[in-house]
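Trainee: Following this line is start22.txt, made up of compact mmCIF, C-alpha atoms:
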# COMPACT_ATOMS: atom_id res chain seq x y z
CA MET I 1 59.44 137.85 66.94
CA ALA I 2 61.46 140.05 69.25
CA GLU I 3 59.81 141.30 72.38
CA LEU I 4 58.99 144.95 72.12
CA ILE I 5 60.34 147.85 74.07
CA HIS I 6 57.47 149.97 75.29
CA ARG I 7 58.43 153.56 75.16
CA GLU I 8 55.29 154.61 76.94
CA TYR I 9 56.13 152.52 80.00
CA PRO I 10 57.71 154.50 82.82
CA GLN I 11 60.68 152.12 83.27
CA LYS I 12 63.87 153.25 81.64
CA LEU I 13 64.45 151.81 78.20
CA TYR I 14 67.72 150.19 79.11
CA TYR I 15 66.05 148.45 82.04
CA GLN I 16 63.39 146.96 79.78
CA LEU I 17 66.08 145.76 77.41
CA CYS I 18 67.90 144.19 80.37
CA GLU I 19 64.79 142.28 81.36
CA ILE I 20 64.22 141.07 77.81
CA ILE I 21 67.78 139.80 77.50
CA LYS I 22 67.65 138.18 80.95
CA LYS I 23 64.56 136.23 79.89
CA LYS I 24 66.32 135.02 76.76
CA ILE I 25 69.22 133.79 78.90
CA GLU I 26 67.09 132.22 81.61
CA SER I 27 64.94 130.42 79.07
CA LYS I 28 68.15 129.20 77.37
CA GLU I 29 67.12 130.80 74.08
CA TRP I 30 70.59 132.30 74.34
CA ASP I 31 72.69 129.46 75.70
CA VAL I 32 75.65 129.64 78.10
CA GLY I 33 78.79 130.57 76.18
CA SER I 34 76.91 131.75 73.11
CA GLN I 35 77.64 135.14 71.61
CA ILE I 36 74.83 137.69 71.78
CA PRO I 37 73.96 139.98 68.84
CA THR I 38 76.25 142.93 68.33
CA GLU I 39 75.32 146.42 69.55
CA ASP I 40 74.27 147.43 66.04
CA GLU I 41 72.08 144.37 65.70
CA LEU I 42 70.45 144.97 69.10
CA CYS I 43 69.77 148.61 68.15
CA LYS I 44 67.97 147.47 65.01
CA ILE I 45 66.06 144.58 66.63
CA TYR I 46 64.66 146.64 69.48
CA GLY I 47 64.62 150.07 67.88
CA VAL I 48 66.69 151.74 70.58
CA SER I 49 69.78 153.89 70.57
CA ARG I 50 73.30 152.62 70.94
CA VAL I 51 73.48 154.41 74.31
CA THR I 52 70.54 152.34 75.56
CA VAL I 53 72.07 149.10 74.29
CA ARG I 54 75.40 149.91 75.90
CA ALA I 55 73.76 150.74 79.21
CA ALA I 56 71.80 147.46 79.17
CA ILE I 57 74.84 145.35 78.33
CA SER I 58 76.94 147.08 80.99
CA GLU I 59 74.27 146.38 83.57
CA LEU I 60 74.02 142.73 82.54
CA VAL I 61 77.81 142.34 82.66
CA ARG I 62 77.77 143.90 86.11
CA GLU I 63 75.03 141.50 87.23
CA GLY I 64 76.96 138.53 85.88
CA TYR I 65 74.69 137.51 83.00
CA LEU I 66 77.14 138.45 80.28
CA PHE I 67 80.87 138.85 79.84
CA ARG I 68 82.88 140.73 77.27
CA GLN I 69 85.83 139.29 75.42
CA GLN I 70 87.93 142.02 73.89
CA GLY I 71 88.03 141.82 70.14
CA LYS I 72 85.55 138.97 70.06
CA GLY I 73 82.21 140.10 71.40
CA THR I 74 79.81 139.67 74.30
CA PHE I 75 78.85 136.22 75.56
CA VAL I 76 76.35 134.62 77.89
CA ARG I 77 78.00 133.79 81.19
CA LYS I 78 77.47 130.62 83.24
CA GLN I 79 74.77 131.42 85.76
CA ILE I 80 75.45 131.61 89.43
CA SER I 81 72.61 130.00 91.32
CA ASP I 82 70.74 132.33 93.64
CA GLU I 83 70.59 129.68 96.33
CA LEU I 84 74.22 128.68 96.32
CA ILE I 85 75.79 131.91 95.20
CA MET I 86 79.18 130.89 96.52
CA LEU I 87 79.22 127.50 94.84
CA THR I 88 81.91 128.50 92.44
CA SER I 89 85.57 127.98 92.87
CA PHE I 90 87.74 130.73 94.18
CA ARG I 91 89.46 130.88 90.81
CA GLU I 92 86.20 131.42 88.96
CA LEU I 93 85.35 134.25 91.35
CA MET I 94 88.73 135.86 91.24
CA LEU I 95 89.50 135.65 87.55
CA GLU I 96 87.76 137.76 84.96
CA PRO I 97 85.36 135.58 82.99
CA GLY I 98 86.86 134.36 79.79
CA ILE I 99 90.43 134.76 80.98
CA GLU I 100 92.69 131.88 80.02
CA PHE I 101 94.46 130.19 82.85
CA SER I 102 96.30 126.96 83.52
CA THR I 103 96.71 124.93 86.70
CA ASP I 104 99.89 123.53 88.19
CA VAL I 105 99.41 120.83 90.79
CA LEU I 106 102.19 121.40 93.28
CA ALA I 107 101.14 118.67 95.72
CA GLN I 108 98.62 115.85 95.93
CA THR I 109 99.51 113.78 98.95
CA THR I 110 98.57 112.90 102.52
CA MET I 111 99.41 114.34 105.90
CA MET I 112 98.08 114.64 109.44
CA PRO I 113 95.90 117.65 110.34
CA VAL I 114 98.35 120.02 112.03
CA GLY I 115 97.62 123.48 113.41
CA ASN I 116 93.92 124.38 113.37
CA ILE I 117 93.06 122.03 110.49
CA SER I 118 91.89 119.31 112.87
CA THR I 119 89.44 121.70 114.56
CA LEU I 120 88.20 123.23 111.32
CA LEU I 121 87.51 119.90 109.68
CA ASP I 122 86.26 118.32 112.92
CA CYS I 123 88.75 115.58 112.15
CA PRO I 124 90.69 113.85 114.96
CA ALA I 125 94.37 114.79 114.89
CA ASP I 126 95.38 111.16 114.41
CA LYS I 127 93.31 110.77 111.22
CA HIS I 128 94.90 111.24 107.79
CA ILE I 129 93.94 114.04 105.45
CA ILE I 130 94.46 114.64 101.76
CA TYR I 131 96.53 117.71 101.00
CA ILE I 132 96.40 119.39 97.61
CA LYS I 133 98.29 122.48 96.56
CA ARG I 134 97.61 124.16 93.23
CA ALA I 135 98.73 127.30 91.46
CA THR I 136 96.66 129.22 88.93
CA ILE I 137 98.82 130.62 86.16
CA VAL I 138 97.75 133.47 83.88
CA GLU I 139 100.06 134.59 81.08
CA ASP I 140 102.93 132.58 82.61
CA LYS I 141 102.54 134.38 85.92
CA PRO I 142 101.31 132.62 89.10
CA ILE I 143 98.25 134.48 90.28
CA ILE I 144 96.73 132.24 92.95
CA ILE I 145 98.07 129.56 95.30
CA GLN I 146 95.47 127.32 96.83
CA GLU I 147 95.92 124.74 99.59
CA VAL I 148 93.18 122.18 100.06
CA TYR I 149 92.64 119.90 103.08
CA ILE I 150 90.14 117.02 102.92
CA PRO I 151 89.71 114.26 105.55
CA LEU I 152 90.84 111.07 103.84
CA HIS I 153 87.78 109.11 104.88
CA ILE I 154 85.49 111.60 103.09
CA CYS I 155 86.85 110.69 99.65
CA PRO I 156 90.06 108.60 99.55
CA GLN I 157 89.71 108.26 95.77
CA LEU I 158 90.73 111.90 95.37
CA LEU I 159 94.34 110.88 95.95
CA GLY I 160 94.42 109.18 92.58
CA GLU I 161 92.25 111.58 90.57
CA ASP I 162 93.41 114.02 87.90
CA ILE I 163 92.93 117.41 89.55
CA VAL I 164 94.61 119.38 86.80
CA HIS I 165 91.77 118.91 84.38
CA ASN I 166 88.95 118.19 86.81
CA SER I 167 87.45 120.51 89.37
CA LEU I 168 87.12 119.32 92.95
CA PHE I 169 83.43 120.16 92.80
CA GLY I 170 83.06 117.88 89.81
CA LEU I 171 84.95 115.11 91.58
CA PHE I 172 82.84 115.40 94.72
CA LYS I 173 79.80 115.14 92.50
CA LYS I 174 81.28 112.06 90.80
CA TYR I 175 81.57 110.39 94.19
CA GLU I 176 78.08 111.54 95.16
CA ILE I 177 79.20 113.96 97.83
CA ASP I 178 76.90 116.94 97.92
CA ILE I 179 78.28 120.34 98.92
CA THR I 180 75.46 122.15 100.68
CA ARG I 181 77.12 125.10 102.37
CA ILE I 182 80.31 127.13 102.16
CA ARG I 183 81.59 129.37 104.92
CA ASN I 184 83.94 132.07 103.65
CA TYR I 185 86.45 134.32 105.26
CA PHE I 186 88.09 137.13 103.30
CA GLY I 187 91.15 138.85 104.57
CA THR I 188 94.73 139.78 103.89
CA ALA I 189 97.70 137.46 104.04
CA TYR I 190 101.34 138.48 103.92
CA LEU I 191 103.67 136.39 101.83
CA SER I 192 106.01 133.98 103.57
CA PRO I 193 109.53 133.69 102.13
CA GLU I 194 108.57 130.57 100.15
CA GLU I 195 105.35 132.10 98.83
CA ALA I 196 107.16 135.34 97.94
CA GLN I 197 109.73 133.39 95.97
CA PHE I 198 107.00 131.53 94.14
CA PHE I 199 105.13 134.69 93.18
CA GLY I 200 108.30 136.64 92.46
CA LEU I 201 107.24 139.30 94.97
CA ALA I 202 108.82 140.71 98.09
CA GLU I 203 108.47 138.78 101.32
CA GLY I 204 105.64 140.25 103.38
CA SER I 205 103.74 141.59 100.34
CA PRO I 206 100.01 141.69 101.02
CA THR I 207 97.77 139.27 99.16
CA LEU I 208 94.07 138.69 99.04
CA LEU I 209 93.18 135.75 101.28
CA LEU I 210 90.10 133.58 101.01
CA ASN I 211 89.52 130.74 103.44
CA GLN I 212 86.61 128.48 102.61
CA LEU I 213 85.07 125.70 104.66
CA PHE I 214 82.79 123.38 102.70
CA PHE I 215 80.04 121.36 104.30
CA SER I 216 77.97 118.42 103.22
CA GLY I 217 75.02 118.68 105.54
CA GLU I 218 76.59 119.33 108.93
CA THR I 219 79.87 117.59 108.08
CA PRO I 220 82.87 119.71 107.11
CA ILE I 221 84.39 118.01 104.09
CA MET I 222 86.99 120.42 102.77
CA TYR I 223 88.96 123.46 103.90
CA THR I 224 90.77 125.64 101.40
CA ARG I 225 93.17 128.51 101.87
CA SER I 226 93.73 130.61 98.77
CA ILE I 227 95.94 133.63 98.30
CA LYS I 228 95.89 135.89 95.29
CA ARG I 229 98.56 138.40 94.36
CA SER I 230 97.23 141.91 94.65
CA ASP I 231 99.73 143.79 92.55
CA SER I 232 97.61 143.68 89.42
CA PHE I 233 94.08 142.85 90.47
CA GLY I 234 91.54 144.39 92.77
CA PHE I 235 88.42 142.83 94.18
CA ALA I 236 84.91 144.11 94.70
CA ILE I 237 81.79 142.65 96.23
CA GLU I 238 78.36 144.06 95.58
CA PHE I 239 75.29 143.36 97.65
CA LYS I 240 71.90 144.13 96.14
CA LYS I 241 69.44 145.77 98.46
CA SER I 242 66.46 143.83 97.10
CA SER I 243 67.64 140.40 98.14
CA ILE I 244 70.10 139.45 100.80
CA ASN I 245 70.97 136.32 98.81
CA GLU I 246 71.85 138.17 95.65
CA ARG I 247 75.54 138.83 95.57
CA ARG I 248 77.88 139.38 92.68
CA PHE I 249 81.63 139.29 92.62
CA TYR I 250 83.83 140.75 89.98
CA VAL I 251 87.42 141.57 89.36
CA LYS I 252 88.53 145.13 88.90
CA ARG I 253 91.89 145.82 87.32
CA MET V 254 112.62 75.26 108.59
CA PRO V 255 111.66 78.78 107.61
CA THR V 256 107.98 79.46 107.33
CA ASP V 257 106.34 79.62 103.92
CA LYS V 258 104.55 82.79 104.78
CA LYS V 259 104.70 85.66 102.30
CA ILE V 260 104.99 89.38 102.96
CA LYS V 261 101.35 89.88 102.01
CA ASP V 262 100.34 87.55 104.87
CA VAL V 263 101.97 89.69 107.55
CA MET V 264 102.04 93.24 106.21
CA VAL V 265 100.01 96.07 107.74
CA GLY V 266 98.14 98.87 106.00
CA ILE V 267 99.88 102.13 105.12
CA PHE V 268 97.38 104.14 107.16
CA GLU V 269 98.38 102.35 110.35
CA TYR V 270 101.05 105.02 110.62
CA PRO V 271 100.88 108.80 110.40
CA HIS V 272 101.90 110.39 107.10
CA ILE V 273 103.77 113.65 106.80
CA PRO V 274 105.28 115.52 103.88
CA TYR V 275 109.05 115.96 103.83
CA TRP V 276 108.86 119.67 104.51
CA PHE V 277 107.29 119.22 107.95
CA SER V 278 109.64 120.11 110.77
CA ILE V 279 110.89 117.81 113.50
CA ASP V 280 108.71 119.54 116.09
CA GLN V 281 105.65 119.01 113.88
CA ALA V 282 106.54 115.33 113.61
CA MET V 283 106.95 115.14 117.39
CA ARG V 284 103.53 116.67 117.90
CA ILE V 285 102.06 114.11 115.53
CA ILE V 286 103.72 111.25 117.40
CA LYS V 287 102.23 112.56 120.65
CA VAL V 288 98.76 112.91 119.22
CA SER V 289 98.72 109.72 117.17
CA PHE V 290 100.33 107.44 119.72
CA LEU V 291 101.36 108.76 123.09
CA SER V 292 98.21 110.59 124.09
CA THR V 293 96.04 107.66 123.04
CA LYS V 294 98.45 105.20 124.71
CA LYS V 295 98.73 103.28 121.45
CA TYR V 296 102.25 101.93 121.19
CA PRO V 297 102.67 99.93 118.03
CA GLU V 298 106.14 98.62 117.42
CA PRO V 299 107.85 100.66 116.03
CA LEU V 300 106.54 104.14 116.75
CA ALA V 301 107.22 105.90 113.47
CA VAL V 302 105.90 108.31 110.89
CA LEU V 303 106.05 107.85 107.14
CA VAL V 304 107.50 110.67 105.05
CA PHE V 305 106.07 111.38 101.61
CA ASP V 306 106.82 113.76 98.77
CA GLU V 307 104.36 116.03 96.94
CA LYS V 308 103.25 113.24 94.64
CA TYR V 309 102.46 110.78 97.43
CA ASN V 310 105.67 108.76 96.95
CA LEU V 311 107.18 107.30 100.11
CA LEU V 312 110.52 108.95 100.81
CA GLY V 313 111.45 107.51 104.16
CA THR V 314 110.57 106.70 107.74
CA LEU V 315 111.16 108.50 110.98
CA THR V 316 111.32 106.78 114.36
CA LEU V 317 111.63 108.33 117.81
CA LYS V 318 115.36 107.69 117.79
CA ASP V 319 115.72 109.45 114.44
CA MET V 320 113.92 112.51 115.83
CA LEU V 321 116.05 112.66 118.95
CA ARG V 322 119.18 112.24 116.85
CA GLY V 323 118.05 115.24 114.83
CA LEU V 324 117.87 117.31 118.00
CA GLU V 325 121.29 116.37 119.30
CA PRO V 326 123.41 119.46 119.96
CA ARG V 327 126.38 119.68 117.63
CA PHE V 328 128.92 119.36 120.42
CA MET V 329 127.54 116.03 121.54
CA ARG V 330 127.74 114.31 118.22
CA THR V 331 130.14 111.43 117.65
CA PRO V 332 133.61 112.95 117.98
CA THR V 333 136.41 112.42 115.52
CA GLU V 334 139.50 110.54 116.61
CA LYS V 335 141.51 113.69 117.16
CA ALA V 336 138.98 115.48 119.36
CA GLN V 337 139.41 115.13 123.08
CA VAL V 338 136.24 114.04 124.75
CA LEU V 339 135.19 113.49 128.29
CA SER V 340 134.23 110.01 129.32
CA GLU V 341 130.46 109.48 129.43
CA GLU V 342 130.78 108.87 133.17
CA GLU V 343 132.15 112.34 133.92
CA SER V 344 129.67 114.30 136.03
CA GLU V 345 130.33 117.57 134.20
CA LEU V 346 128.96 116.00 131.05
CA SER V 347 125.37 115.90 132.30
CA LEU V 348 125.48 119.67 132.89
CA ILE V 349 126.81 120.21 129.39
CA TRP V 350 124.15 117.94 127.87
CA ASN V 351 121.35 119.78 129.64
CA THR V 352 122.60 123.25 128.80
CA LEU V 353 123.33 122.55 125.18
CA PHE V 354 120.15 120.60 124.67
CA ALA V 355 118.07 123.44 126.10
CA ARG V 356 119.87 126.04 124.00
CA GLU V 357 120.18 124.39 120.62
CA SER V 358 117.50 121.79 120.30
CA LYS V 359 114.54 124.13 119.89
CA ASP V 360 116.25 125.61 116.85
CA LEU V 361 117.23 122.22 115.56
CA ALA V 362 113.59 121.13 115.88
CA LYS V 363 112.70 123.50 113.05
CA LYS V 364 114.71 121.41 110.59
CA PRO V 365 112.66 119.62 107.92
CA VAL V 366 112.25 115.91 108.53
CA ASN V 367 113.86 114.93 105.25
CA GLU V 368 117.21 115.89 106.79
CA ILE V 369 116.90 113.24 109.50
CA MET V 370 114.64 110.50 108.11
CA VAL V 371 115.82 107.06 107.12
CA PRO V 372 115.41 107.04 103.33
CA ALA V 373 113.20 104.31 101.94
CA LYS V 374 115.97 102.62 99.96
CA TYR V 375 114.99 99.02 100.57
CA PHE V 376 111.64 97.41 100.02
CA VAL V 377 109.94 94.05 99.57
CA GLU V 378 107.10 92.91 97.35
CA PRO V 379 103.87 91.26 98.49
CA ASP V 380 104.84 87.83 97.17
CA ASP V 381 108.35 87.83 98.64
CA PRO V 382 109.05 85.35 101.42
CA ILE V 383 109.22 86.87 104.90
CA THR V 384 112.82 85.73 105.17
CA LYS V 385 113.73 88.35 102.58
CA ALA V 386 112.37 91.04 104.93
CA ALA V 387 114.34 89.49 107.80
CA TYR V 388 117.53 89.61 105.74
CA LEU V 389 117.08 93.27 104.76
CA MET V 390 116.20 94.28 108.31
CA ILE V 391 119.26 92.57 109.79
CA HIS V 392 121.74 93.75 107.21
CA HIS V 393 120.52 97.35 106.99
CA ASP V 394 119.43 97.81 110.60
CA LEU V 395 115.79 98.43 109.76
CA ILE V 396 112.63 97.79 111.76
CA LEU V 397 110.16 98.86 109.11
CA LEU V 398 110.14 98.03 105.40
CA PRO V 399 107.79 99.37 102.73
CA VAL V 400 105.94 96.87 100.55
CA LEU V 401 105.74 97.93 96.92
CA GLU V 402 103.61 96.29 94.26
CA ASN V 403 105.39 96.06 90.90
CA LYS V 404 108.22 98.04 92.49
CA LYS V 405 106.08 101.17 92.35
CA LYS V 406 102.84 101.23 94.26
CA PHE V 407 103.17 101.52 98.02
CA VAL V 408 100.69 99.00 99.39
CA GLY V 409 101.80 98.16 102.92
CA LEU V 410 104.44 97.95 105.62
CA VAL V 411 106.21 95.00 107.12
CA ARG V 412 107.47 95.30 110.67
CA MET V 413 110.13 93.54 112.68
CA ILE V 414 107.54 92.41 115.19
CA GLU V 415 105.52 90.38 112.70
CA ILE V 416 108.63 88.98 111.05
CA PHE V 417 109.97 87.97 114.45
CA ASP V 418 106.63 86.45 115.42
CA GLU V 419 106.44 84.25 112.33
CA LEU V 420 110.07 83.20 112.31
CA SER V 421 110.09 82.45 116.03
CA ASN V 422 107.00 80.26 115.55
CA ALA V 423 108.90 78.34 112.89
CA ILE V 424 111.89 77.91 115.23
CA LEU V 425 109.98 77.04 118.38
CA GLN V 426 107.70 74.52 116.71
CA GLU V 427 110.51 72.23 115.58
So that I can check it, write out the structure of this file as structure tokens.
Mentor:
Amino acid sequence: MAELIHREYPQKLYYQLCEIIKKKIESKEWDVGSQIPTEDELCKIYGVSRVTVRAAISELVREGYLFRQQGKGTFVRKQISDELIMLTSFRELMLEPGIEFSTDVLAQTTMMPVGNISTLLDCPADKHIIYIKRATIVEDKPIIIQEVYIPLHICPQLLGEDIVHNSLFGLFKKYEIDITRIRNYFGTAYLSPEEAQFFGLAEGSPTLLLNQLFFSGETPIMYTRSIKRSDSFGFAIEFKKSSINERRFYVKR
Amino acid sequence: MPTDKKIKDVMVGIFEYPHIPYWFSIDQAMRIIKVSFLSTKKYPEPLAVLVFDEKYNLLGTLTLKDMLRGLEPRFMRTPTEKAQVLSEEESELSLIWNTLFARESKDLAKKPVNEIMVPAKYFVEPDDPITKAAYLMIHHDLILLPVLENKKKFVGLVRMIEIFDELSNAILQE
């Protein structure tokens, strides 16, 4: 039996509906990836107006519980843990949920830690590192280039793993390496000639930059530098006043 | 009598040497040589870096001589027969060397290493006799040979010093 909306309660109707739907998601009654009832159906089930249903769904999309797929419906989104809010890949953060993308692996090889990589990874400059470079492609257009640096001794097996179809997080988990903290830096990067050619943009075009340093305990295990073209996508971060740990990221076109 | 030792008995691991991708510049390779060997006073024979492509395939090797050759000012390179050159003993030459080196070499150091490396054309397999490595090194003027398993997988390196050591043992014992 559906939980009831209490019209006599002071909280706004849409807020009550939000809380009801959140409970259904958190209890897995509505599973990740499943489609929720349509607006009409929700109006009938809870006896509220379409305006109320729309407001509730918009709020839940904004909070990251749901995502809309045009022409298909509204679906339950994979939950971002409150504790490790950043434990999602840059691509998952930067791409609208549900968007189809493919990955090109441009490099999966070894090198020595040049520049500041040695300092960042606390890895002696004479120790080998794994270097991975990947591009995220959406509708045949490269959207993101990511460079990944991992000290070889942390996980040498990564050199031979399929990183097109597997996430690095999943592979670290496979080798029982626990990511416990991620330090992030957001900024702007300007395209080098090679990067500009790859993106098909002018040299010096600004891009969104995200540098991430991943730790397992106190040990840095991976440094990534990702740049995202900014000619078609914006970026917004929202911090909720109630909890300093609650953060949501979404893409704005 | 040549020793019966095989390549796999004398080869060293691939991580004994620094690895760089082919797009690294000569000055980056020089910095790596300094950090990996010179500053730690580790002087394996030879001092070299291994050059790889994006898919972790060995492309070539780079020794100190190869790097310096890559920095040689254009004017100082081996002249053709028709060009008139000063004798190496001429005192003016040292001034020319210094000036040109200072002017041109910093720019030349930005070249990618694949333009100056020795391509990894020759290789041996783990079960080959060490005399095969000796032959290839002599005939192709090499001091480092990659060891490939099944002609594909890069599993080690064989060096002149180990080949010399084994073969000289065989000679001196008789």
Trainee: Taking (92.7, 115.9, 87.8) in the file's own coordinates, collect the residues within 12 Å, counting all atoms listed in the file, and hand them back as number ranges by chain.
Mentor: I: 103-105, 107-108, 132, 134, 157-171
Trainee: With C-alpha atoms kept, could you save the residues just selected as a compact mmCIF listing (two decimals), in the coordinates of the input?
Mentor:
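This is the output file out-v3.txt:
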# COMPACT_ATOMS: atom_id res chain seq x y z
CA THR I 103 96.71 124.93 86.70
CA ASP I 104 99.89 123.53 88.19
CA VAL I 105 99.41 120.83 90.79
CA ALA I 107 101.14 118.67 95.72
CA GLN I 108 98.62 115.85 95.93
CA ILE I 132 96.40 119.39 97.61
CA ARG I 134 97.61 124.16 93.23
CA GLN I 157 89.71 108.26 95.77
CA LEU I 158 90.73 111.90 95.37
CA LEU I 159 94.34 110.88 95.95
CA GLY I 160 94.42 109.18 92.58
CA GLU I 161 92.25 111.58 90.57
CA ASP I 162 93.41 114.02 87.90
CA ILE I 163 92.93 117.41 89.55
CA VAL I 164 94.61 119.38 86.80
CA HIS I 165 91.77 118.91 84.38
CA ASN I 166 88.95 118.19 86.81
CA SER I 167 87.45 120.51 89.37
CA LEU I 168 87.12 119.32 92.95
CA PHE I 169 83.43 120.16 92.80
CA GLY I 170 83.06 117.88 89.81
CA LEU I 171 84.95 115.11 91.58
Trainee: Residues of chain V near chain I: apply a cut-off of 6 Å, count all atoms listed in the file, and supply the list as a VMD selection string.
Mentor: chain V and resid 272 to 273 289 307 to 309
Trainee: Please produce an output containing C-alpha atoms for each residue in the selection, written as a JSON list (two decimals), keeping the file's coordinate frame.
Mentor:
[["chain", "number", "residue", "atom", "x", "y", "z"],
["V", 272, "HIS", "CA", 101.90, 110.39, 107.10],
["V", 273, "ILE", "CA", 103.77, 113.65, 106.80],
["V", 289, "SER", "CA", 98.72, 109.72, 117.17],
["V", 307, "GLU", "CA", 104.36, 116.03, 96.94],
["V", 308, "LYS", "CA", 103.25, 113.24, 94.64],
["V", 309, "TYR", "CA", 102.46, 110.78, 97.43]]
Trainee: Figure out the distance between atom CA of V:Thr384 and atom CA of V:Lys259, please, to one decimal in Å.
Mentor: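 A separation of 8.6 Å between them.
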Trainee: Excluding V:Tyr270 and its own-chain neighbours fewer than 2 positions away, which residues fall within 8 Å of it when counting all atoms listed in the file? Please give them as a list in words.
Mentor: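 In the requested form, the answer reads Ile267, Phe268, His272, Ala301, Val302 and Leu303 of chain V.
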Trainee: In Å, how far is it from atom CA of V:Asn367 to atom CA of V:Ser278?
Mentor: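 Taking atom CA of V:Asn367 as the start and atom CA of V:Ser278 as the end point, the length is 8.7 Å.
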Trainee: Rank I:Glu139, I:Ile117, I:Ile150, I:Asn211 by their smallest atom-to-atom distance to I:Phe186, using all atoms listed in the file, and report the top residue only.
Mentor: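 Looking only at the distances to I:Phe186, the closest residue turns out to be I:Asn211.
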Trainee: Would you pick out the contacts of V:Ala373 at 10 Å or less, using only C-alpha atoms, so that residues sharing its chain but fewer than 6 positions from it are not included, and give the list as a PyMOL selection string?
Mentor: chain V and resi 303-304+311-314+397-399
Trainee: Compare I:Gln69, I:Ser27, I:Gln16, I:Thr119 by their minimum atom-to-atom distance to I:Tyr46, counting only C-alpha atoms, and give me the closest one.
Mentor: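 That would be I:Gln16, the residue with the smallest distance to I:Tyr46.
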Trainee: Would you mind reading off the distance between atom CA of I:Leu121 and atom CA of V:Pro271, one decimal, in Å?
Mentor: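 These atoms are spaced 17.4 Å apart.
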Trainee: Can you list, as a ChimeraX atom specification, every protein, DNA or RNA residue that comes within 12 Å of V:Ser292 when you count only C-alpha atoms, leaving out same-chain residues fewer than 4 positions away?
Mentor: /I:125-126 /V:283-288,296
Trainee: Got a sec: who's within 8 Å of V:Lys258, counting only C-alpha atoms, leaving out chain neighbours fewer than 5 positions off, as a ChimeraX atom specification?
Mentor: /V:263,382-383,419
Trainee: At a cut-off of 10 Å, using only C-alpha atoms, what residues contact V:Ala387? Leave out same-chain residues fewer than 4 positions from it and give the result as a list in words.
Mentor: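 Near V:Ala387, the qualifying residues are Pro382, Ile383, Ile391, His392, Leu395, Ile396, Leu398, Val411, Arg412, Met413, Ile416, Phe417 and Leu420 of chain V.
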Trainee: Based on the selection just made, write C-alpha atoms of those residues as a CSV table (one decimal), in the coordinates of the input.
Mentor:
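Result file follows (result.csv):
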chain,number,residue,atom,x,y,z
V,382,PRO,CA,109.0,85.4,101.4
V,383,ILE,CA,109.2,86.9,104.9
V,391,ILE,CA,119.3,92.6,109.8
V,392,HIS,CA,121.7,93.8,107.2
V,395,LEU,CA,115.8,98.4,109.8
V,396,ILE,CA,112.6,97.8,111.8
V,398,LEU,CA,110.1,98.0,105.4
V,411,VAL,CA,106.2,95.0,107.1
V,412,ARG,CA,107.5,95.3,110.7
V,413,MET,CA,110.1,93.5,112.7
V,416,ILE,CA,108.6,89.0,111.0
V,417,PHE,CA,110.0,88.0,114.4
V,420,LEU,CA,110.1,83.2,112.3
Trainee: Which is closest to V:Pro365 among V:Leu425, V:Ile260, V:Leu300, V:Ala282, if we use all atoms listed in the file?
Mentor: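 Residue with the minimum atom-to-atom distance to V:Pro365: V:Ala282.
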Trainee: Return stretch 221-231 of chain I, completed with N, CA and C atoms, as a PDB file, keeping the file's coordinate frame.
Mentor:
ATOM      1  N   ILE I 221      83.740 118.987 104.967  1.00  0.00           N
ATOM      2  CA  ILE I 221      84.390 118.010 104.090  1.00  0.00           C
ATOM      3  C   ILE I 221      85.644 118.556 103.417  1.00  0.00           C
ATOM      4  N   MET I 222      85.816 119.879 103.446  1.00  0.00           N
ATOM      5  CA  MET I 222      86.990 120.420 102.770  1.00  0.00           C
ATOM      6  C   MET I 222      87.271 121.824 103.305  1.00  0.00           C
ATOM      7  N   TYR I 223      88.544 122.110 103.501  1.00  0.00           N
ATOM      8  CA  TYR I 223      88.960 123.460 103.900  1.00  0.00           C
ATOM      9  C   TYR I 223      89.982 123.921 102.886  1.00  0.00           C
ATOM     10  N   THR I 224      89.786 125.130 102.357  1.00  0.00           N
ATOM     11  CA  THR I 224      90.770 125.640 101.400  1.00  0.00           C
ATOM     12  C   THR I 224      91.293 126.989 101.871  1.00  0.00           C
ATOM     13  N   ARG I 225      92.553 127.210 101.594  1.00  0.00           N
ATOM     14  CA  ARG I 225      93.170 128.510 101.870  1.00  0.00           C
ATOM     15  C   ARG I 225      93.766 128.983 100.554  1.00  0.00           C
ATOM     16  N   SER I 226      93.269 130.106 100.065  1.00  0.00           N
ATOM     17  CA  SER I 226      93.730 130.610  98.770  1.00  0.00           C
ATOM     18  C   SER I 226      94.286 132.012  98.928  1.00  0.00           C
ATOM     19  N   ILE I 227      95.399 132.271  98.300  1.00  0.00           N
ATOM     20  CA  ILE I 227      95.940 133.630  98.300  1.00  0.00           C
ATOM     21  C   ILE I 227      96.151 134.083  96.860  1.00  0.00           C
ATOM     22  N   LYS I 228      95.816 135.345  96.636  1.00  0.00           N
ATOM     23  CA  LYS I 228      95.890 135.890  95.290  1.00  0.00           C
ATOM     24  C   LYS I 228      96.751 137.139  95.318  1.00  0.00           C
ATOM     25  N   ARG I 229      97.686 137.231  94.401  1.00  0.00           N
ATOM     26  CA  ARG I 229      98.560 138.400  94.360  1.00  0.00           C
ATOM     27  C   ARG I 229      97.717 139.637  94.118  1.00  0.00           C
ATOM     28  N   SER I 230      98.077 140.724  94.764  1.00  0.00           N
ATOM     29  CA  SER I 230      97.230 141.910  94.650  1.00  0.00           C
ATOM     30  C   SER I 230      97.937 143.035  93.903  1.00  0.00           C
ATOM     31  N   ASP I 231      99.020 142.708  93.232  1.00  0.00           N
ATOM     32  CA  ASP I 231      99.730 143.790  92.550  1.00  0.00           C
ATOM     33  C   ASP I 231      99.091 144.178  91.229  1.00  0.00           C
TER      34      ASP I 231
END
